[in-house]
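Colleague: My structure is stored as run22.cif, with mmCIF, C-alpha atoms.
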```
data_structure
#
loop_
_atom_site.group_PDB
_atom_site.id
_atom_site.type_symbol
_atom_site.label_atom_id
_atom_site.label_comp_id
_atom_site.auth_asym_id
_atom_site.auth_seq_id
_atom_site.Cartn_x
_atom_site.Cartn_y
_atom_site.Cartn_z
ATOM 1 C CA MET A 657 21.374 113.269 -65.377
ATOM 2 C CA ALA A 658 17.959 112.164 -66.665
ATOM 3 C CA ASP A 659 19.625 109.813 -69.155
ATOM 4 C CA ASP A 660 21.647 108.225 -66.342
ATOM 5 C CA THR A 661 18.485 107.771 -64.267
ATOM 6 C CA ASP A 662 16.607 106.330 -67.252
ATOM 7 C CA ASP A 663 19.482 103.929 -67.962
ATOM 8 C CA LEU A 664 19.604 102.819 -64.326
ATOM 9 C CA ARG A 665 15.814 102.389 -64.234
ATOM 10 C CA ALA A 666 15.945 100.241 -67.385
ATOM 11 C CA HIS A 667 18.812 98.168 -66.002
ATOM 12 C CA ILE A 668 17.179 97.513 -62.623
ATOM 13 C CA ARG A 669 13.886 96.703 -64.360
ATOM 14 C CA SER A 670 15.659 94.140 -66.543
ATOM 15 C CA LEU A 671 17.165 92.527 -63.424
ATOM 16 C CA GLU A 672 13.736 92.385 -61.750
ATOM 17 C CA GLU A 673 12.223 90.885 -64.914
ATOM 18 C CA GLN A 674 14.873 88.172 -64.906
ATOM 19 C CA LEU A 675 13.740 87.166 -61.427
ATOM 20 C CA LEU A 676 10.172 86.785 -62.722
ATOM 21 C CA ASP A 677 11.305 84.308 -65.392
ATOM 22 C CA GLN A 678 10.815 80.658 -64.431
ATOM 23 C CA THR A 679 14.023 79.560 -66.148
ATOM 24 C CA VAL A 680 16.034 82.036 -64.056
ATOM 25 C CA ARG A 681 14.134 81.039 -60.920
ATOM 26 C CA ASN A 682 15.229 77.435 -61.522
ATOM 27 C CA THR A 683 18.927 78.221 -62.191
ATOM 28 C CA ARG A 684 21.163 78.421 -59.120
ATOM 29 C CA THR A 685 24.096 80.206 -60.783
ATOM 30 C CA THR A 686 21.878 82.967 -62.155
ATOM 31 C CA LEU A 687 20.122 83.426 -58.815
ATOM 32 C CA GLU A 688 23.483 83.660 -57.051
ATOM 33 C CA THR A 689 24.481 86.391 -59.520
ATOM 34 C CA LEU A 690 21.286 88.423 -59.003
ATOM 35 C CA LEU A 691 20.920 88.056 -55.227
ATOM 36 C CA SER A 692 23.430 89.300 -52.667
ATOM 37 C CA PRO A 693 24.726 86.737 -50.132
ATOM 38 C CA ASP A 694 23.163 88.925 -47.398
ATOM 39 C CA PHE A 695 19.761 88.886 -49.148
ATOM 40 C CA HIS A 696 16.514 88.771 -47.133
ATOM 41 C CA GLU A 697 12.907 88.652 -48.305
ATOM 42 C CA ILE A 698 9.528 89.039 -46.709
ATOM 43 C CA GLY A 699 7.330 87.147 -49.139
ATOM 44 C CA SER A 700 3.723 87.970 -49.961
ATOM 45 C CA SER A 701 2.891 84.973 -47.737
ATOM 46 C CA GLY A 702 4.501 86.794 -44.796
ATOM 47 C CA ARG A 703 7.316 84.249 -44.652
ATOM 48 C CA LEU A 704 10.893 85.469 -44.075
ATOM 49 C CA TYR A 705 13.537 84.100 -46.439
ATOM 50 C CA THR A 706 17.315 84.280 -46.281
ATOM 51 C CA PHE A 707 19.638 83.919 -49.285
ATOM 52 C CA ASP A 708 19.914 80.140 -48.899
ATOM 53 C CA ALA A 709 16.208 79.670 -48.157
ATOM 54 C CA ILE A 710 14.990 81.683 -51.157
ATOM 55 C CA ILE A 711 17.349 79.929 -53.550
ATOM 56 C CA ALA A 712 16.167 76.544 -52.270
ATOM 57 C CA ALA A 713 12.508 77.609 -52.570
ATOM 58 C CA LEU A 714 12.929 78.995 -56.087
ATOM 59 C CA LEU A 715 14.795 75.915 -57.302
ATOM 60 C CA GLU A 716 11.856 73.775 -56.140
ATOM 61 C CA GLU A 717 9.237 75.777 -58.073
ATOM 62 C CA PRO A 718 7.696 73.642 -60.802
ATOM 63 C CA ALA A 719 7.740 74.788 -64.420
ATOM 64 C CA ASP A 720 3.930 74.598 -64.582
ATOM 65 C CA GLY A 721 3.090 77.399 -67.003
ATOM 66 C CA THR A 722 2.831 80.089 -64.331
ATOM 67 C CA THR A 723 3.528 83.556 -65.721
ATOM 68 C CA ARG A 724 4.593 86.654 -63.832
ATOM 69 C CA THR A 725 4.255 90.232 -65.051
ATOM 70 C CA MET A 726 5.080 93.655 -63.665
ATOM 71 C CA THR A 727 3.540 97.104 -64.092
ATOM 72 C CA ASN A 728 4.055 100.576 -62.608
ATOM 73 C CA PHE A 729 7.813 100.041 -62.261
ATOM 74 C CA GLY A 730 9.877 102.818 -60.720
ATOM 75 C CA ILE A 731 13.097 103.395 -58.829
ATOM 76 C CA ARG A 732 14.199 105.815 -56.135
ATOM 77 C CA PRO A 733 17.869 106.302 -55.233
ATOM 78 C CA LEU A 734 18.504 105.768 -51.501
ATOM 79 C CA ALA A 735 22.288 106.304 -51.510
ATOM 80 C CA ALA A 736 25.139 106.527 -54.016
ATOM 81 C CA ASN A 737 25.046 102.785 -54.835
ATOM 82 C CA VAL A 738 21.616 101.798 -53.511
ATOM 83 C CA VAL A 739 18.184 102.056 -55.157
ATOM 84 C CA LEU A 740 14.653 101.120 -54.166
ATOM 85 C CA ALA A 741 12.581 99.532 -56.929
ATOM 86 C CA THR A 742 8.792 99.334 -56.636
ATOM 87 C CA TYR A 743 6.157 97.767 -58.875
ATOM 88 C CA ARG A 744 2.933 95.782 -59.066
ATOM 89 C CA SER A 745 3.120 92.114 -59.995
ATOM 90 C CA GLU A 746 0.623 89.562 -61.184
ATOM 91 C CA ARG A 747 1.160 85.817 -61.059
ATOM 92 C CA SER A 748 -1.114 83.714 -63.251
ATOM 93 C CA ALA A 749 -1.097 79.958 -62.875
ATOM 94 C CA PRO A 750 -3.151 77.670 -65.131
ATOM 95 C CA GLY A 751 -6.564 77.081 -63.580
ATOM 96 C CA ALA A 752 -6.065 79.581 -60.734
ATOM 97 C CA SER A 753 -7.133 83.153 -60.116
ATOM 98 C CA PRO A 754 -4.360 85.721 -60.652
ATOM 99 C CA ALA A 755 -2.408 86.729 -57.541
ATOM 100 C CA ARG A 756 -1.471 90.400 -57.372
ATOM 101 C CA ALA A 757 1.096 92.047 -55.119
ATOM 102 C CA LEU A 758 2.856 95.322 -54.484
ATOM 103 C CA ARG A 759 6.590 94.694 -54.501
ATOM 104 C CA SER A 760 9.661 96.560 -53.349
ATOM 105 C CA SER A 761 13.305 95.623 -53.744
ATOM 106 C CA ILE A 762 16.522 97.200 -52.597
ATOM 107 C CA TRP A 763 19.380 96.860 -55.064
ATOM 108 C CA ARG A 764 23.001 97.622 -54.188
ATOM 109 C CA ARG A 765 25.950 98.034 -56.545
ATOM 110 C CA ASP A 766 28.760 95.810 -55.290
ATOM 111 C CA PRO A 767 32.469 96.713 -55.529
ATOM 112 C CA ASP A 768 32.637 94.628 -58.739
ATOM 113 C CA ASN A 769 30.088 97.108 -60.243
ATOM 114 C CA ARG A 770 27.335 94.450 -60.322
ATOM 115 C CA TRP A 771 23.859 95.300 -59.045
ATOM 116 C CA ARG A 772 22.494 92.688 -56.645
ATOM 117 C CA MET A 773 19.233 92.539 -54.741
ATOM 118 C CA VAL A 774 19.704 92.727 -50.977
ATOM 119 C CA PHE A 775 16.059 92.913 -49.875
ATOM 120 C CA HIS A 776 12.632 92.186 -51.328
ATOM 121 C CA GLN A 777 9.101 92.397 -49.985
ATOM 122 C CA GLY A 778 5.810 91.389 -51.524
ATOM 123 C CA THR A 779 2.479 92.586 -50.144
ATOM 124 C CA PRO A 780 -0.776 91.056 -51.439
ATOM 125 C CA ALA A 781 -2.876 93.591 -53.353
ATOM 126 C CA GLY A 782 -6.273 93.448 -55.004
#
```
Just give me the structure as structure tokens.
Modeller:
Amino acid sequence: MADDTDDLRAHIRSLEEQLLDQTVRNTRTTLETLLSPDFHEIGSSGRLYTFDAIIAALLEEPADGTTRTMTNFGIRPLAANVVLATYRSERSAPGASPARALRSSIWRRDPDNRWRMVFHQGTPAG
């Protein structure tokens, strides 16, 4: 059982890390693979995003050298095919102070056995 949990944790972490990568954030087909069509997000700005709105926003992000990292990653199963992922993130843009946030995502395994994010929230943190 522990191996299964460790494998799932590693897999969900890799999906989250993809969403931190600027190349992925600027690629519609990859975003549509990672995010569920019923996706919603409450951003660290407090803004609510739907699937279409977040894809549009991410596609507009400039490739300006901003880096994003995560620490303290963990998962908690919520149901047979649903997990909650939590972590701390840091966004560093050239010439700007780092922005830190606590993040949570709900991932659901679809009938095609693909994990997709259905909800995400970022909360500013010091």
Colleague: How many Å separate CA of Thr779 (chain A) from CA of Ser700 (chain A)?
Modeller: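 So the answer is 4.8 Å.
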Colleague: Using only C-alpha atoms, pick whichever of A:Glu673, A:Phe707, A:Arg681, A:Val738 has the shortest atom-to-atom distance to Trp771 (chain A).
Modeller: A:Val738
Colleague: Evaluate the PyMOL selection byres ((chain A and resi 755) around 12) here and jot the selected residues down as a PyMOL selection string.
Modeller: chain A and resi 700-701+722-726+744-750+752-754+756-758+778-782
Colleague: Mind pulling up the distance from CA of Asp708 (chain A) to CA of Ala735 (chain A)?
Modeller: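 If I compute the distance from CA of Ala735 (chain A) to CA of Asp708 (chain A), I get 26.4 Å.
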Colleague: If I take CA of Asn682 (chain A) and CA of Asp720 (chain A), how far is one from the other in Å, to one decimal?
Modeller: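 Separation between CA of Asn682 (chain A) and CA of Asp720 (chain A): 12.0 Å.
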Colleague: Evaluate the PyMOL selection byres ((chain A and resi 774) around 8) on the structure here and hand back the selected residues as a list of chain:residue names.
Modeller: A:Leu691, A:Ser692, A:Pro693, A:Asp694, A:Phe695, A:His696, A:Ser761, A:Ile762, A:Trp763, A:Arg764, A:Arg772, A:Met773, A:Phe775, A:His776
Colleague: Under the rule that all atoms listed in the file are counted, which of A:Thr727, A:Glu717, A:Leu690, A:Gly702 is the nearest residue to Ile668 (chain A)?
Modeller: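 Ranked by minimum distance to Ile668 (chain A), first place goes to A:Leu690.
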Colleague: Nearest residue to Leu714 (chain A) out of A:Leu734, A:Ala741, A:Leu664, A:Leu687, using all atoms listed in the file?
Modeller: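 Smallest separation from Leu714 (chain A) among the options: A:Leu687.
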Colleague: Can you tell me, as a list in words, which residues sit within 7 Å of (14.0, 102.7, -57.6) in the file's frame, using all atoms listed in the file?
Modeller: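 Here is the list of nearby residues: Arg665, Gly730, Ile731, Arg732, Pro733, Val739, Leu740, Ala741 and Thr742 of chain A.
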Colleague: Got time to write the residues from that selection, C-alpha atoms, as a PDB file, in the coordinates of the input?
Modeller:
```pdb
ATOM      1  CA  ARG A 665      15.814 102.389 -64.234  1.00  0.00           C
ATOM      2  CA  GLY A 730       9.877 102.818 -60.720  1.00  0.00           C
ATOM      3  CA  ILE A 731      13.097 103.395 -58.829  1.00  0.00           C
ATOM      4  CA  ARG A 732      14.199 105.815 -56.135  1.00  0.00           C
ATOM      5  CA  PRO A 733      17.869 106.302 -55.233  1.00  0.00           C
ATOM      6  CA  VAL A 739      18.184 102.056 -55.157  1.00  0.00           C
ATOM      7  CA  LEU A 740      14.653 101.120 -54.166  1.00  0.00           C
ATOM      8  CA  ALA A 741      12.581  99.532 -56.929  1.00  0.00           C
ATOM      9  CA  THR A 742       8.792  99.334 -56.636  1.00  0.00           C
TER      10      THR A 742
END
```
Colleague: Check the smallest atom-to-atom distance from each of A:Ser760, A:Thr706, A:Thr689, A:Thr679 to Gly721 (chain A) using only C-alpha atoms, then report the winner.
Modeller: A:Thr679
Colleague: Under the rule that all atoms listed in the file are counted, which of A:Leu715, A:Tyr743, A:Leu676, A:Asn737 is the nearest residue to Asn769 (chain A)?
Modeller: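 Of all the options, A:Asn737 lies closest to Asn769 (chain A).
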Colleague: Given 6 Å on each side, where is the centre and what are the edge lengths in Å to one decimal of the axis-aligned box enclosing the listed atoms of region 700-715 of chain A, as JSON?
Modeller:
```
{"center_x": 11.4, "center_y": 81.9, "center_z": -50.7, "size_x": 29.0, "size_y": 24.1, "size_z": 25.2}
```
